[in-house]
Amino acid sequence: MPLTYPIAEQTLDNGLRVVVSSDRAVPIVAVNLWYDVGSRHEPPGLTGFAHLFEHLMFQGSRNVQSGQHFGLLENAGASLNATTFFDRTNYFESLPSGGLDLALWLEADRMGYLLDAVNQENLDNQRDVVKEEKRQSYDNRPYGDSYERLVRLTFPADHPYSHMTIGSMADLDAAAVEDVHAFFRKYYGPNNAVLTIVGDVAAEDAFDAAKRYFGHLPAIPQPPEAPDGTIGPIEGVFRDDVVEDVPSDLVTMMFRLPVDGTPELDAAALALDVLAAGQSGRLNRRLVRDEQIAQSVSGGALPLIGGVSFGTLTGIASDGIDLEKVEDALVDEIEKLAADGITADELATVQAQAERDWLEQLATCAGRADEISHYALLFGDANRINTRIDQIRAVTAEQVQAVAAQWIRAEGRAQVTYRRPASTEEAAGEQE
């Protein structure tokens, strides 16, 4: 049965695209605001700015004191957060429907008047918060810098996806308040955003509220296009071997993949799922259950719209197993997939898993709002939430094999390995 979530859309005079999906089943409403700015928009010397604003946006604006944004919404029963990605930044809250006006007022105040609160003290404070986040999530966490290492190997230095969203701490240290203000004025305006409202509200009431709180905000000059990141598959094998005191030896591989929104990317994602998704995945069956050379395996595609996507495969070696055995088995299964393709049963299994994951994402107002914003902002078509399953079901086994042969290649990969120092491995063996 096809999905039929209602989609109503209006564009305000200032360019803000508003999408409403009314669902009166429970008295909950989700507000989701996506800005068309992510790490791929950042020029050299300004890396990490989109992520920095993820923090600054909660530190007050013209009519909201520092710390009040969280406090006011949490007092109204809301859950809220924000995330930064390569292609976009999003801000979201889900709360009892009586709090809709509060949520919209807060979002509008920081869209229009955030810079009233961004001074040197505020910037220095949030810079320190970002540095601490980098220490905790990247520097002092086992394997925490693996993606940083992988994207450096996978993309040329000037490619828009060659740096992580956390950015360069040197760039953030060098940033003046004027640089930060200029970045905000360039990207954070109503005509560079999509506002989605999902839940217990009539569409007309939601549009009226959006106009009331956002309609007076002026449009910003048309932001510059993100640089074109179109690039083909990796040619050759690029390695980074790390010796570190990690819990277990690990190998992770990255592949460039086709751009998001194409049948080729869907086929590539299903190919990686055949290898790595769940207990039935080929890698889990062989490496974990049968040969017992790996503790676990994982992988999947990361869809991106800037000309190319990427995907990964990871294996964590069992204690006492040479990591090369895990690497060789991964390579062997990659080559088999390209040479022999997949079975009809394997395709049906990964398609069913993808369909389940999609339905689970849409089951909540918050999840639905995020996907509507995603498709409205990046593809100009919010209704794709209702046709996404059809796109997954349309992929054929032949498409999966063809994409695997072109993009998911043993001789076209970036690879990072983590090995424990010899003394650590010997100590672990003595303890056994």
# chains A, B, ... in the order shown; residues from 1 in each chain; ligands from 1
$ residues_around --residues "A:Asp266" --least-positions-apart "2" --cutoff "10 Å" --atoms "only C-alpha atoms" --output "list of chain:residue names"
A:Leu257, A:Pro258, A:Val259, A:Asp260, A:Gly261, A:Thr262, A:Pro263, A:Glu264, A:Ala268, A:Ala269, A:Leu270, A:Ala271, A:Ala301, A:Pro303, A:Gln391, A:Ile392, A:Arg393, A:Ala394, A:Val395, A:Gln399, A:Val400, A:Val403
$ closest_residue --among "A:Ala176, A:Val118, A:Ala366, A:Ala76" --to "A:Gly45" --atoms "only C-alpha atoms"
A:Ala176
$ closest_atom_pairs --of "stretch 74-142 of chain A" --to "stretch 205-211 of chain A" --cutoff "12 Å" --atoms "only C-alpha atoms" --output "JSON lines"
{"residue": "A:Ser97", "atom": "CA", "partner": "A:Ala206", "partner_atom": "CA", "distance": 10.9}
{"residue": "A:Gly99", "atom": "CA", "partner": "A:Ala209", "partner_atom": "CA", "distance": 11.8}
{"residue": "A:Leu100", "atom": "CA", "partner": "A:Ala209", "partner_atom": "CA", "distance": 8.5}
{"residue": "A:Asp101", "atom": "CA", "partner": "A:Ala209", "partner_atom": "CA", "distance": 7.0}
{"residue": "A:Leu102", "atom": "CA", "partner": "A:Ala209", "partner_atom": "CA", "distance": 10.4}
{"residue": "A:Ala103", "atom": "CA", "partner": "A:Ala209", "partner_atom": "CA", "distance": 10.5}
{"residue": "A:Leu104", "atom": "CA", "partner": "A:Ala210", "partner_atom": "CA", "distance": 7.0}
{"residue": "A:Trp105", "atom": "CA", "partner": "A:Ala210", "partner_atom": "CA", "distance": 9.0}
{"residue": "A:Leu106", "atom": "CA", "partner": "A:Ala210", "partner_atom": "CA", "distance": 11.8}
{"residue": "A:Glu107", "atom": "CA", "partner": "A:Ala210", "partner_atom": "CA", "distance": 10.3}
{"residue": "A:Ala108", "atom": "CA", "partner": "A:Ala210", "partner_atom": "CA", "distance": 9.0}
$ residues_around --residues "stretch 240-253 of chain A" --least-positions-apart "6" --cutoff "9 Å" --atoms "only C-alpha atoms" --output "number ranges by chain"
A: 141-143, 146, 149-150, 153, 299, 311-319, 321-324, 326-327, 413-421, 424
$ residues_around --residues "stretch 330-339 of chain A" --least-positions-apart "5" --cutoff "9 Å" --atoms "only C-alpha atoms" --output "list in words"
Ala271, Val274, Leu275, Arg282, Leu283, Leu287, Leu313, Thr314, Gly315, Lys325, Val400, Gln401, Ala402, Val403, Ala404, Ala405, Gln406, Ile408, Arg409, Ala410 and Glu411 of chain A
$ residues_around --residues "stretch 178-184 of chain A" --least-positions-apart "6" --cutoff "9 Å" --atoms "only C-alpha atoms" --output "number ranges by chain"
A: 46, 49-50, 53, 114-115, 118, 123
$ write_last_selection --atoms "N, CA and C atoms" --output "PDB file, in the first residue's frame"
ATOM      1  N   LEU A  46      37.792  28.691   6.819  1.00  0.00           N
ATOM      2  CA  LEU A  46      36.569  28.872   7.605  1.00  0.00           C
ATOM      3  C   LEU A  46      35.920  27.527   7.926  1.00  0.00           C
ATOM      4  N   PHE A  49      32.686  26.315  10.688  1.00  0.00           N
ATOM      5  CA  PHE A  49      31.787  27.418  11.022  1.00  0.00           C
ATOM      6  C   PHE A  49      30.328  26.965  11.127  1.00  0.00           C
ATOM      7  N   ALA A  50      29.876  26.095  10.228  1.00  0.00           N
ATOM      8  CA  ALA A  50      28.482  25.630  10.302  1.00  0.00           C
ATOM      9  C   ALA A  50      28.240  24.914  11.623  1.00  0.00           C
ATOM     10  N   PHE A  53      28.000  27.305  14.588  1.00  0.00           N
ATOM     11  CA  PHE A  53      26.684  27.925  14.760  1.00  0.00           C
ATOM     12  C   PHE A  53      25.669  26.974  15.373  1.00  0.00           C
ATOM     13  N   LEU A 114      20.091  36.574  15.852  1.00  0.00           N
ATOM     14  CA  LEU A 114      21.124  35.872  16.610  1.00  0.00           C
ATOM     15  C   LEU A 114      22.334  36.755  16.862  1.00  0.00           C
ATOM     16  N   LEU A 115      22.720  37.542  15.863  1.00  0.00           N
ATOM     17  CA  LEU A 115      23.987  38.264  15.960  1.00  0.00           C
ATOM     18  C   LEU A 115      23.990  39.319  17.050  1.00  0.00           C
ATOM     19  N   VAL A 118      26.011  37.480  19.580  1.00  0.00           N
ATOM     20  CA  VAL A 118      27.311  36.877  19.250  1.00  0.00           C
ATOM     21  C   VAL A 118      28.400  37.932  19.396  1.00  0.00           C
ATOM     22  N   LEU A 123      31.632  34.050  21.592  1.00  0.00           N
ATOM     23  CA  LEU A 123      32.399  33.285  20.616  1.00  0.00           C
ATOM     24  C   LEU A 123      33.510  32.486  21.291  1.00  0.00           C
TER      25      LEU A 123
END
$ residues_around --residues "stretch 372-379 of chain A" --least-positions-apart "2" --cutoff "6 Å" --atoms "only C-alpha atoms" --output "PDB file with N, CA and C atoms, in the first residue's frame"
ATOM      1  N   VAL A 194      14.248  25.695   5.088  1.00  0.00           N
ATOM      2  CA  VAL A 194      12.936  25.053   5.016  1.00  0.00           C
ATOM      3  C   VAL A 194      12.447  24.832   6.434  1.00  0.00           C
ATOM      4  N   THR A 196       9.578  22.917   8.566  1.00  0.00           N
ATOM      5  CA  THR A 196       8.585  21.853   8.501  1.00  0.00           C
ATOM      6  C   THR A 196       7.875  21.739   9.844  1.00  0.00           C
ATOM      7  N   ALA A 369       9.139  14.887  10.224  1.00  0.00           N
ATOM      8  CA  ALA A 369       9.490  16.287   9.972  1.00  0.00           C
ATOM      9  C   ALA A 369      10.914  16.409   9.445  1.00  0.00           C
ATOM     10  N   ASP A 370      11.821  15.622   9.995  1.00  0.00           N
ATOM     11  CA  ASP A 370      13.213  15.697   9.555  1.00  0.00           C
ATOM     12  C   ASP A 370      13.351  15.240   8.109  1.00  0.00           C
ATOM     13  N   ASP A 381      11.455  18.521  -3.181  1.00  0.00           N
ATOM     14  CA  ASP A 381      10.277  17.664  -3.319  1.00  0.00           C
ATOM     15  C   ASP A 381      10.001  16.948  -2.009  1.00  0.00           C
ATOM     16  N   ALA A 382       9.186  17.581  -1.165  1.00  0.00           N
ATOM     17  CA  ALA A 382       8.862  16.995   0.132  1.00  0.00           C
ATOM     18  C   ALA A 382       8.093  15.689  -0.014  1.00  0.00           C
TER      19      ALA A 382
END
$ residues_around --residues "A:Lys131" --least-positions-apart "2" --cutoff "10 Å" --atoms "only C-alpha atoms" --output "PyMOL selection string"
chain A and resi 126-129+133-137+166+168-169+172-173
$ select_by_dssp --residues "stretch 231-427 of chain A" --states "strand (DSSP E)" --output "PyMOL selection string"
chain A and resi 236-243+250-257+294-302+309-317+412-419
$ atom_distance --atom1 "atom CA of A:Ser39" --atom2 "atom CA of A:Phe85"
6.5 Å
$ closest_residue --among "A:Ser309, A:Asn383, A:Asn32, A:Ser22" --to "A:Asn81" --atoms "only C-alpha atoms"
A:Asn32
$ atom_distance --atom1 "atom CA of A:Asp87" --atom2 "atom CA of A:Val37"
6.3 Å
$ closest_residue --among "A:Glu42, A:Trp358, A:Gly60, A:Val31" --to "A:Leu72" --atoms "only C-alpha atoms"
A:Gly60
